[in-house]
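Below is data04.csv, which holds CSV, C-alpha atoms.
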```
chain,number,residue,atom,x,y,z
A,1019,MET,CA,0.1,-52.3,6.3
A,1020,ILE,CA,-0.8,-50.5,9.5
A,1021,ASP,CA,-2.6,-47.2,9.7
A,1022,PRO,CA,-1.0,-45.6,12.8
A,1023,ARG,CA,-3.4,-42.8,13.4
A,1024,SER,CA,-6.1,-44.6,15.4
A,1025,SER,CA,-3.5,-45.5,18.0
A,1026,VAL,CA,-3.3,-41.9,19.2
A,1027,VAL,CA,-6.9,-40.7,19.1
A,1028,ALA,CA,-7.7,-41.6,22.7
A,1029,ALA,CA,-4.6,-39.7,23.9
A,1030,ARG,CA,-5.5,-36.6,21.8
A,1031,LEU,CA,-8.9,-36.5,23.5
A,1032,ALA,CA,-7.7,-37.4,27.0
A,1033,GLY,CA,-7.7,-33.8,28.2
A,1034,ILE,CA,-11.3,-33.3,27.4
A,1035,GLY,CA,-14.0,-33.6,30.0
A,1036,ARG,CA,-17.1,-34.5,27.9
A,1037,ILE,CA,-17.5,-35.2,24.2
A,1038,ALA,CA,-20.8,-34.9,22.5
A,1039,ALA,CA,-21.8,-35.3,18.9
A,1040,PHE,CA,-24.7,-33.1,17.6
A,1041,CYS,CA,-26.5,-35.3,15.2
A,1042,SER,CA,-29.7,-35.8,13.2
A,1043,ALA,CA,-30.2,-38.1,10.3
A,1044,LYS,CA,-32.3,-35.4,8.7
A,1045,GLY,CA,-30.8,-32.4,7.0
A,1046,GLY,CA,-31.7,-28.8,7.6
A,1047,VAL,CA,-32.8,-29.2,11.2
A,1048,GLY,CA,-30.2,-26.9,12.6
A,1049,LYS,CA,-27.5,-29.2,13.9
A,1050,THR,CA,-24.8,-26.6,13.3
A,1051,LEU,CA,-26.8,-23.8,14.9
A,1052,CYS,CA,-27.4,-26.0,17.9
A,1053,THR,CA,-23.7,-26.9,18.1
A,1054,ALA,CA,-22.6,-23.3,17.8
A,1055,LEU,CA,-25.2,-22.1,20.4
A,1056,ALA,CA,-24.1,-24.8,22.8
A,1057,GLY,CA,-20.4,-23.8,22.3
A,1058,VAL,CA,-21.3,-20.2,22.9
A,1059,VAL,CA,-23.4,-20.9,26.0
A,1060,LEU,CA,-21.0,-23.3,27.6
A,1061,SER,CA,-18.0,-21.0,27.0
A,1062,SER,CA,-20.0,-18.1,28.5
A,1063,ARG,CA,-20.3,-20.1,31.6
A,1064,GLY,CA,-16.5,-20.2,31.9
A,1065,LYS,CA,-16.0,-23.6,30.3
A,1066,ASN,CA,-13.3,-24.2,27.8
A,1067,VAL,CA,-15.0,-25.6,24.7
A,1068,GLY,CA,-13.9,-27.0,21.4
A,1069,ILE,CA,-16.1,-27.4,18.3
A,1070,LEU,CA,-15.1,-30.0,15.7
A,1071,ASP,CA,-17.0,-29.5,12.4
A,1072,LEU,CA,-17.2,-32.9,10.8
A,1073,ASP,CA,-19.7,-31.8,8.2
A,1074,LEU,CA,-16.8,-32.1,5.8
A,1075,GLN,CA,-18.7,-31.5,2.6
A,1076,GLY,CA,-20.9,-28.7,3.9
A,1077,SER,CA,-18.8,-27.0,6.6
A,1078,THR,CA,-20.5,-24.0,8.1
A,1079,ALA,CA,-19.5,-23.8,11.7
A,1080,HIS,CA,-16.9,-21.3,10.9
A,1081,LEU,CA,-19.5,-19.1,9.2
A,1082,PHE,CA,-21.8,-19.3,12.2
A,1083,LEU,CA,-19.1,-18.3,14.6
A,1084,GLY,CA,-17.4,-15.7,12.4
A,1085,VAL,CA,-14.1,-17.5,12.0
A,1086,ARG,CA,-12.1,-16.8,8.8
A,1087,PRO,CA,-10.7,-19.9,7.3
A,1088,ARG,CA,-6.9,-19.9,7.5
A,1089,MET,CA,-4.0,-22.3,8.2
A,1090,PRO,CA,-3.9,-23.3,11.8
A,1091,GLY,CA,-0.9,-22.9,14.1
A,1092,GLU,CA,1.2,-26.0,14.9
A,1093,ASP,CA,2.7,-27.3,18.1
A,1094,LYS,CA,3.4,-31.0,17.8
A,1095,GLY,CA,0.1,-31.2,16.0
A,1096,ILE,CA,-2.4,-28.7,14.6
A,1097,LEU,CA,-4.0,-26.2,16.9
A,1098,PRO,CA,-7.7,-25.3,16.6
A,1099,LEU,CA,-8.6,-21.7,15.7
A,1100,ALA,CA,-9.7,-19.4,18.4
A,1101,VAL,CA,-13.3,-18.2,18.2
A,1102,THR,CA,-13.4,-16.4,21.6
A,1103,GLU,CA,-11.2,-16.6,24.7
A,1104,ARG,CA,-12.7,-19.9,25.7
A,1105,LEU,CA,-14.0,-21.3,22.4
A,1106,VAL,CA,-12.0,-22.9,19.6
A,1107,LEU,CA,-12.8,-24.5,16.3
A,1108,MET,CA,-11.4,-27.2,14.0
A,1109,GLY,CA,-12.8,-28.7,10.8
A,1110,ALA,CA,-12.2,-29.2,7.1
A,1111,GLY,CA,-13.7,-25.8,6.5
A,1112,VAL,CA,-10.6,-24.3,8.1
A,1113,PHE,CA,-8.6,-25.6,5.2
A,1114,ALA,CA,-11.0,-25.8,2.2
A,1115,GLY,CA,-12.8,-22.5,2.9
A,1116,ASN,CA,-15.8,-22.1,0.6
A,1117,ARG,CA,-14.5,-24.6,-2.1
A,1118,ALA,CA,-16.5,-27.7,-2.9
A,1119,LEU,CA,-15.0,-30.7,-1.1
A,1120,ALA,CA,-16.5,-33.8,-2.6
A,1121,LEU,CA,-15.4,-36.9,-0.8
A,1122,ARG,CA,-16.3,-40.6,-1.1
A,1123,GLY,CA,-17.0,-42.7,2.0
A,1124,HIS,CA,-13.5,-43.9,2.7
A,1125,GLU,CA,-12.1,-40.4,2.2
A,1126,VAL,CA,-14.6,-39.1,4.8
A,1127,SER,CA,-13.3,-41.7,7.3
A,1128,ASP,CA,-9.7,-40.8,6.4
A,1129,ALA,CA,-10.3,-37.1,7.0
A,1130,ILE,CA,-12.1,-37.8,10.3
A,1131,LEU,CA,-9.3,-40.0,11.5
A,1132,GLU,CA,-6.6,-37.5,10.4
A,1133,LEU,CA,-8.3,-34.6,12.3
A,1134,LEU,CA,-8.7,-36.7,15.4
A,1135,ALA,CA,-5.1,-37.9,15.3
A,1136,VAL,CA,-3.3,-34.6,14.6
A,1137,THR,CA,-5.5,-31.9,16.4
A,1138,ARG,CA,-4.1,-30.9,19.8
A,1139,TRP,CA,-7.1,-29.7,21.8
A,1140,GLY,CA,-5.2,-29.5,25.1
A,1141,ARG,CA,-7.4,-29.3,28.1
A,1142,LEU,CA,-11.1,-28.6,27.4
A,1143,ASP,CA,-14.2,-29.0,29.5
A,1144,ALA,CA,-16.2,-30.1,26.5
A,1145,LEU,CA,-15.8,-31.0,22.8
A,1146,LEU,CA,-18.9,-30.6,20.6
A,1147,ILE,CA,-18.9,-32.3,17.3
A,1148,ASP,CA,-21.1,-31.0,14.5
A,1149,LEU,CA,-22.1,-33.9,12.2
A,1150,PRO,CA,-23.7,-33.8,8.7
A,1151,PRO,CA,-27.1,-35.3,7.9
A,1152,GLY,CA,-27.4,-39.0,7.5
A,1153,ILE,CA,-26.4,-42.1,9.2
A,1154,GLY,CA,-23.0,-42.9,7.7
A,1155,GLU,CA,-19.3,-42.8,8.2
A,1156,GLU,CA,-19.3,-39.9,10.6
A,1157,VAL,CA,-21.6,-41.6,13.2
A,1158,MET,CA,-19.9,-45.0,12.9
A,1159,ASP,CA,-16.4,-43.7,12.9
A,1160,LEU,CA,-17.0,-41.5,16.0
A,1161,ALA,CA,-18.7,-44.4,17.9
A,1162,ARG,CA,-15.7,-46.6,17.2
A,1163,LEU,CA,-12.9,-44.0,17.7
A,1164,VAL,CA,-14.1,-41.6,20.4
A,1165,PRO,CA,-14.1,-42.8,24.0
A,1166,ARG,CA,-17.0,-41.5,26.2
A,1167,LEU,CA,-18.9,-40.2,23.2
A,1168,GLU,CA,-22.4,-38.9,24.0
A,1169,ALA,CA,-25.0,-37.6,21.5
A,1170,PHE,CA,-27.3,-34.7,21.4
A,1171,VAL,CA,-30.0,-35.6,18.8
A,1172,ILE,CA,-31.7,-32.7,17.0
A,1173,SER,CA,-35.0,-32.8,15.3
A,1174,THR,CA,-37.6,-30.3,14.2
A,1175,PRO,CA,-41.2,-31.1,15.2
A,1176,SER,CA,-42.1,-32.0,11.6
A,1177,ALA,CA,-43.0,-35.6,10.8
A,1178,ALA,CA,-40.5,-35.4,8.0
A,1179,SER,CA,-37.8,-35.0,10.6
A,1180,THR,CA,-39.0,-37.2,13.4
A,1181,ALA,CA,-39.5,-40.2,11.1
A,1182,VAL,CA,-35.8,-40.1,10.0
A,1183,VAL,CA,-34.5,-39.1,13.5
A,1184,GLU,CA,-36.2,-42.2,14.9
A,1185,ARG,CA,-33.9,-44.3,12.7
A,1186,LEU,CA,-30.9,-42.5,14.1
A,1187,LEU,CA,-32.0,-43.1,17.7
A,1188,ALA,CA,-32.3,-46.8,17.0
A,1189,PHE,CA,-28.9,-46.8,15.3
A,1190,LEU,CA,-27.3,-45.0,18.2
A,1191,SER,CA,-28.8,-47.5,20.6
A,1192,ASP,CA,-27.3,-50.3,18.5
A,1193,LEU,CA,-23.9,-48.6,18.6
A,1194,LYS,CA,-24.3,-48.1,22.3
A,1195,VAL,CA,-23.8,-44.4,22.1
A,1196,PRO,CA,-25.7,-42.8,25.0
A,1197,VAL,CA,-28.1,-40.0,24.0
A,1198,THR,CA,-27.6,-37.2,26.5
A,1199,GLY,CA,-30.5,-35.2,25.2
A,1200,VAL,CA,-33.0,-34.8,22.4
A,1201,ILE,CA,-33.6,-31.2,21.4
A,1202,ALA,CA,-36.5,-29.9,19.4
A,1203,ASN,CA,-35.1,-27.2,17.1
A,1204,MET,CA,-37.1,-24.6,15.1
A,1205,ALA,CA,-40.1,-25.2,17.4
A,1206,ARG,CA,-43.1,-22.9,17.5
A,1207,GLY,CA,-44.9,-24.4,20.5
A,1208,ASP,CA,-45.3,-27.6,18.6
A,1209,ALA,CA,-42.5,-29.8,20.0
A,1210,ALA,CA,-44.7,-32.6,21.3
A,1211,PRO,CA,-43.7,-35.0,18.5
A,1212,VAL,CA,-40.0,-34.6,19.4
A,1213,ARG,CA,-40.8,-35.1,23.1
A,1214,ALA,CA,-42.8,-38.2,22.3
A,1215,LEU,CA,-39.9,-39.5,20.1
A,1216,ALA,CA,-37.5,-39.1,23.0
A,1217,SER,CA,-39.9,-40.9,25.3
A,1218,ARG,CA,-40.2,-43.9,23.0
A,1219,PHE,CA,-36.4,-44.4,23.2
A,1220,ALA,CA,-36.3,-43.6,26.9
A,1221,ALA,CA,-34.0,-40.7,26.1
A,1222,ARG,CA,-34.0,-37.4,28.0
A,1223,TYR,CA,-36.0,-34.7,26.3
A,1224,ALA,CA,-33.8,-31.6,26.8
A,1225,GLY,CA,-36.2,-29.0,25.5
A,1226,GLU,CA,-36.9,-26.8,22.5
A,1227,VAL,CA,-35.0,-24.1,20.7
A,1228,PRO,CA,-37.6,-21.8,19.2
A,1229,TRP,CA,-37.7,-20.7,15.6
A,1230,GLU,CA,-36.2,-17.3,15.7
A,1231,PRO,CA,-35.8,-15.3,12.5
A,1232,SER,CA,-33.4,-12.9,14.2
A,1233,VAL,CA,-30.8,-15.7,14.4
A,1234,GLU,CA,-30.0,-15.1,10.7
A,1235,GLY,CA,-28.7,-11.6,11.6
A,1236,ALA,CA,-26.6,-13.0,14.4
A,1237,LEU,CA,-24.7,-15.5,12.2
A,1238,GLY,CA,-21.0,-14.7,12.0
A,1239,SER,CA,-20.7,-13.5,15.5
A,1240,ALA,CA,-20.4,-15.7,18.6
A,1241,GLU,CA,-21.3,-12.6,20.7
A,1242,ARG,CA,-24.5,-11.9,18.8
A,1243,LEU,CA,-25.5,-15.5,18.8
A,1244,GLY,CA,-25.1,-15.6,22.5
A,1245,ARG,CA,-27.7,-12.8,22.9
A,1246,THR,CA,-30.4,-14.5,21.0
A,1247,ALA,CA,-33.5,-16.2,22.5
A,1248,ALA,CA,-32.3,-19.3,20.8
A,1249,ALA,CA,-29.1,-19.2,23.0
A,1250,ALA,CA,-31.2,-18.8,26.1
A,1251,ALA,CA,-33.3,-21.8,25.1
A,1252,MET,CA,-30.1,-23.8,24.4
A,1253,ALA,CA,-28.8,-22.9,27.8
A,1254,ALA,CA,-31.9,-24.3,29.4
A,1255,ALA,CA,-31.7,-27.4,27.3
A,1256,LEU,CA,-28.1,-28.0,28.2
A,1257,LYS,CA,-28.9,-27.7,31.9
A,1258,GLU,CA,-31.8,-30.1,31.5
A,1259,ALA,CA,-29.4,-32.5,29.9
A,1260,GLY,CA,-27.0,-32.2,32.8
A,1261,TRP,CA,-24.4,-30.0,30.9
B,521,MET,CA,5.5,-29.3,12.9
B,522,HIS,CA,2.4,-31.5,13.0
B,523,GLU,CA,4.8,-34.2,11.8
B,524,TRP,CA,5.3,-34.8,15.6
B,525,ALA,CA,1.7,-35.9,15.9
B,526,LEU,CA,2.2,-38.4,13.1
B,527,ALA,CA,5.5,-39.6,14.4
B,528,ASP,CA,3.9,-40.1,17.8
B,529,ALA,CA,1.2,-42.2,16.0
B,530,VAL,CA,3.8,-44.4,14.3
B,531,ILE,CA,5.5,-45.1,17.6
B,532,GLU,CA,2.2,-45.9,19.4
B,533,ALA,CA,1.1,-48.1,16.6
B,534,THR,CA,4.4,-49.9,16.6
B,535,SER,CA,4.0,-50.5,20.3
B,536,GLY,CA,0.5,-51.8,19.7
B,537,ALA,CA,1.6,-54.1,16.9
B,538,LEU,CA,4.2,-55.7,19.0
B,539,GLY,CA,1.6,-57.0,21.3
B,540,GLY,CA,3.1,-59.2,23.9
B,541,ARG,CA,6.4,-59.7,22.1
B,542,ASP,CA,9.6,-58.5,23.6
B,543,PRO,CA,10.1,-54.9,22.4
B,544,ALA,CA,13.9,-55.5,22.3
B,545,CYS,CA,13.2,-58.0,19.4
B,546,LEU,CA,12.0,-55.2,17.1
B,547,ARG,CA,14.7,-54.7,14.6
B,548,GLY,CA,13.2,-52.4,12.1
B,549,VAL,CA,10.1,-50.4,11.0
B,550,THR,CA,9.4,-49.3,7.4
B,551,VAL,CA,7.2,-46.2,7.2
B,552,LEU,CA,5.6,-45.0,4.0
B,553,LEU,CA,5.3,-41.3,3.6
B,554,GLY,CA,2.6,-40.4,1.1
B,555,GLU,CA,3.9,-37.8,-1.3
B,556,LEU,CA,0.6,-36.0,-1.3
B,557,GLN,CA,1.0,-35.1,2.4
B,558,ALA,CA,4.5,-33.7,1.9
B,559,ILE,CA,5.8,-34.7,5.3
B,560,ASP,CA,9.0,-32.9,6.2
B,561,ARG,CA,11.4,-35.8,6.5
B,562,GLU,CA,13.9,-33.9,8.7
B,563,ILE,CA,11.2,-32.9,11.3
B,564,PHE,CA,9.6,-36.4,11.1
B,565,THR,CA,12.9,-38.1,11.7
B,566,PHE,CA,13.8,-35.8,14.5
B,567,ALA,CA,10.4,-36.4,16.1
B,568,LEU,CA,10.8,-40.1,15.8
B,569,GLU,CA,14.3,-40.1,17.3
B,570,THR,CA,13.2,-37.9,20.2
B,571,LEU,CA,10.1,-39.8,21.0
B,572,LEU,CA,11.8,-43.2,20.7
B,573,GLN,CA,14.2,-42.3,23.5
B,574,GLU,CA,11.4,-43.1,26.0
B,575,ARG,CA,10.6,-46.5,24.4
B,576,PRO,CA,12.0,-50.0,25.0
B,577,PHE,CA,12.3,-50.5,21.2
B,578,ARG,CA,14.5,-47.4,20.8
B,579,THR,CA,17.2,-49.3,19.0
B,580,ALA,CA,15.0,-50.4,16.1
B,581,ALA,CA,15.9,-48.9,12.8
B,582,TYR,CA,13.2,-46.8,11.2
B,583,THR,CA,13.3,-46.6,7.4
B,584,LEU,CA,11.3,-43.9,5.6
B,585,GLN,CA,10.1,-44.5,2.1
B,586,THR,CA,8.2,-42.0,-0.1
B,587,GLU,CA,5.1,-43.4,-1.7
B,588,PRO,CA,4.4,-41.5,-4.9
B,589,ALA,CA,1.0,-40.0,-5.2
B,590,LEU,CA,-1.2,-41.4,-7.9
B,591,PHE,CA,-4.6,-40.1,-8.9
B,592,HIS,CA,-7.3,-41.8,-11.0
B,593,CYS,CA,-10.1,-39.9,-12.7
B,594,GLY,CA,-13.5,-41.4,-12.4
B,595,SER,CA,-14.8,-39.5,-15.4
B,596,CYS,CA,-12.2,-40.0,-18.2
B,597,GLY,CA,-9.9,-42.8,-16.6
B,598,ARG,CA,-6.7,-40.7,-16.7
B,599,GLU,CA,-4.1,-41.5,-14.2
B,600,TRP,CA,-1.7,-38.8,-13.1
B,601,THR,CA,0.9,-37.9,-10.6
B,602,LEU,CA,1.4,-35.0,-8.2
B,603,ALA,CA,3.8,-33.4,-10.6
B,604,ASP,CA,1.0,-33.3,-13.2
B,605,SER,CA,-1.3,-31.4,-10.8
B,606,ALA,CA,-1.1,-27.8,-11.7
B,607,GLY,CA,-1.5,-24.8,-9.3
B,608,LEU,CA,-0.7,-26.5,-6.0
B,609,GLU,CA,1.0,-23.8,-4.2
B,610,GLY,CA,0.8,-21.8,-1.0
B,611,ASP,CA,-2.3,-22.4,1.1
B,612,ALA,CA,-3.4,-25.3,-1.2
B,613,ARG,CA,-0.2,-27.2,-0.5
B,614,GLU,CA,-0.4,-26.4,3.2
B,615,ALA,CA,-4.0,-27.4,3.5
B,616,ILE,CA,-3.2,-30.8,1.8
B,617,HIS,CA,-0.3,-31.2,4.1
B,618,PHE,CA,-2.5,-30.9,7.1
B,619,LEU,CA,-5.5,-32.8,5.7
B,620,PRO,CA,-4.8,-34.7,2.5
B,621,GLU,CA,-8.5,-35.0,1.6
B,622,THR,CA,-8.6,-31.3,0.9
B,623,ALA,CA,-6.8,-32.2,-2.3
B,624,HIS,CA,-10.3,-32.6,-3.6
B,625,ALA,CA,-10.9,-28.9,-3.1
B,626,PHE,CA,-7.9,-27.9,-5.2
B,627,VAL,CA,-6.9,-30.7,-7.6
B,628,ARG,CA,-8.7,-31.4,-10.9
B,629,CYS,CA,-8.1,-34.0,-13.5
B,630,PRO,CA,-5.5,-32.5,-15.9
B,631,SER,CA,-7.3,-34.1,-18.9
B,632,CYS,CA,-11.0,-33.4,-18.4
B,633,GLY,CA,-11.1,-31.1,-15.4
B,634,SER,CA,-13.3,-33.4,-13.3
B,635,PRO,CA,-13.3,-33.3,-9.5
B,636,ASP,CA,-14.4,-36.9,-9.5
B,637,TYR,CA,-11.2,-38.9,-8.9
B,638,ARG,CA,-9.6,-41.2,-6.4
B,639,VAL,CA,-6.2,-40.8,-4.7
B,640,GLN,CA,-5.0,-44.3,-5.5
B,641,ALA,CA,-1.6,-44.1,-3.7
B,642,GLY,CA,0.6,-41.8,-1.7
B,643,ARG,CA,-2.0,-40.2,0.6
B,644,GLY,CA,-0.3,-40.1,4.0
B,645,VAL,CA,1.7,-41.9,6.7
B,646,ARG,CA,1.5,-45.6,7.1
B,647,ILE,CA,3.5,-48.4,8.5
B,648,GLU,CA,4.4,-50.9,5.8
B,649,SER,CA,6.2,-53.5,7.9
B,650,LEU,CA,7.8,-54.4,11.2
B,651,THR,CA,10.8,-56.7,11.3
B,652,VAL,CA,11.0,-58.7,14.5
B,653,ASP,CA,13.8,-61.0,15.5
B,654,ALA,CA,12.0,-64.2,16.5
B,655,ALA,CA,15.1,-66.3,17.2
B,656,GLY,CA,16.8,-66.6,20.6
B,657,SER,CA,17.4,-63.8,23.1
B,658,CYS,CA,16.8,-60.2,22.0
B,659,ALA,CA,18.6,-58.6,24.9
```
Output the file's structure in the form of structure tokens.
Amino acid sequence: MIDPRSSVVAARLAGIGRIAAFCSAKGGVGKTLCTALAGVVLSSRGKNVGILDLDLQGSTAHLFLGVRPRMPGEDKGILPLAVTERLVLMGAGVFAGNRALALRGHEVSDAILELLAVTRWGRLDALLIDLPPGIGEEVMDLARLVPRLEAFVISTPSAASTAVVERLLAFLSDLKVPVTGVIANMARGDAAPVRALASRFAARYAGEVPWEPSVEGALGSAERLGRTAAAAAMAAALKEAGW
Amino acid sequence: MHEWALADAVIEATSGALGGRDPACLRGVTVLLGELQAIDREIFTFALETLLQERPFRTAAYTLQTEPALFHCGSCGREWTLADSAGLEGDAREAIHFLPETAHAFVRCPSCGSPDYRVQAGRGVRIESLTVDAAGSCA
């Protein structure tokens, strides 16, 4: 028995300049916010950007960006949904909406492989992949399936976060996934532990995205997100990381 | 029409599975279409035939077989088929067509209502077998 899907993943991603996973083994550190901000910032620079929401069981990228879940268009594959003129989105949330989508490990892998095999991204400058918390199928599957994968690693300054993210950095090193930048999210002038963590793994510290209560009011609109101080901080972090 | 993407995958996987063997020796490919994904056979066949025109194994016969969907409830042990799954219409069917795992957002065990179940068979598209003529010239 042959699963044919993995044979076309590289071809589906061939028109994309750079591909980065936004990951953190710790939950609640703002991976989706950072992914959405990065998408908004890069597209505002004239880049064509895709976001793939692989937080299959807790999809929220569509909520951050104000995209109503609906069936996608088709053209010899499925087409990501438009967020703005230069930003598109795909993920399980597009299909399941706000319904609970409880999946076991092999089903997570199946869903990831299906999305990678049938989504037609076309030509993009960047694809940003929002991952769920944990070190599991999503990280391993992407490392195996996605050529040229890079990682942005997100942590808050809390020891509860950095201790877990340290494991992820070691795991990414074992998987030989290059870390393009470590970002301190929800920082309040206290990002030193995240900077130190990056240093221990010889990874680039890209900067901090400050805790900003007004972000909550910007959720649901790419335009409003792009006007936040968090977006300005993400723009600086992306530049520091060479993006 | 995302059947094209899956047909493309079947052909690429066929090519990969042949390895260094003469593509002209490929006689047949049996493809299983999982009932859950509800692939449109007409579109899938047309896509296969179109994409095969550019391949050295274009004369191979592709046989499509439907694999019935079978669910197994982790809570009460009930096994059931797609026909037993009530309420799968419109967007639910389309969502499952695009991404079969979204069945877990729409299907519940018909006996106990549990969302804790496995899709035991009939999920999506797979290649069951390749038939390769190993004897003599394949020209």
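Shell of Glu609 of chain B at 12 Å, with all atoms listed in the file counted and residues fewer than 5 places along the chain excluded, is Leu602, Ala603, Glu614, Ala615, Ile616, His617, Ala623, Phe626 and Val627 of chain B.
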Nearest to chain B, restricted to all atoms listed in the file and choosing among A:Leu1121, A:Leu1193, A:Ala1224, A:Cys1052, comes out as A:Leu1121
I need the chain B residues near chain A as a PyMOL selection string; criterion: at most 10 Å, counting all atoms listed in the file. chain B and resi 521-537+550-552+567+611-612+614-616+618-626+635-639+643-650
For Ala1247 of chain A, work out the shell of residues within 8 Å, counting all atoms listed in the file and skipping chain neighbours fewer than 2 positions away, then give it as a PyMOL selection string. chain A and resi 1228+1230+1245+1249-1251
Give me, as an mmCIF file with C-alpha atoms, keeping the file's coordinate frame, all polymer residues having an atom no more than 6 Å from Val1067 of chain A, counting only C-alpha atoms and skipping those fewer than 3 positions away in the same chain.
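Written out: selection-v3.cif:
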```
data_model
loop_
_atom_site.group_PDB
_atom_site.id
_atom_site.type_symbol
_atom_site.label_atom_id
_atom_site.label_comp_id
_atom_site.auth_asym_id
_atom_site.auth_seq_id
_atom_site.Cartn_x
_atom_site.Cartn_y
_atom_site.Cartn_z
ATOM 1 C CA SER A 1061 -18.000 -21.000 27.000
ATOM 2 C CA LEU A 1105 -14.000 -21.300 22.400
ATOM 3 C CA LEU A 1142 -11.100 -28.600 27.400
ATOM 4 C CA ASP A 1143 -14.200 -29.000 29.500
ATOM 5 C CA ALA A 1144 -16.200 -30.100 26.500
ATOM 6 C CA LEU A 1145 -15.800 -31.000 22.800
#
```
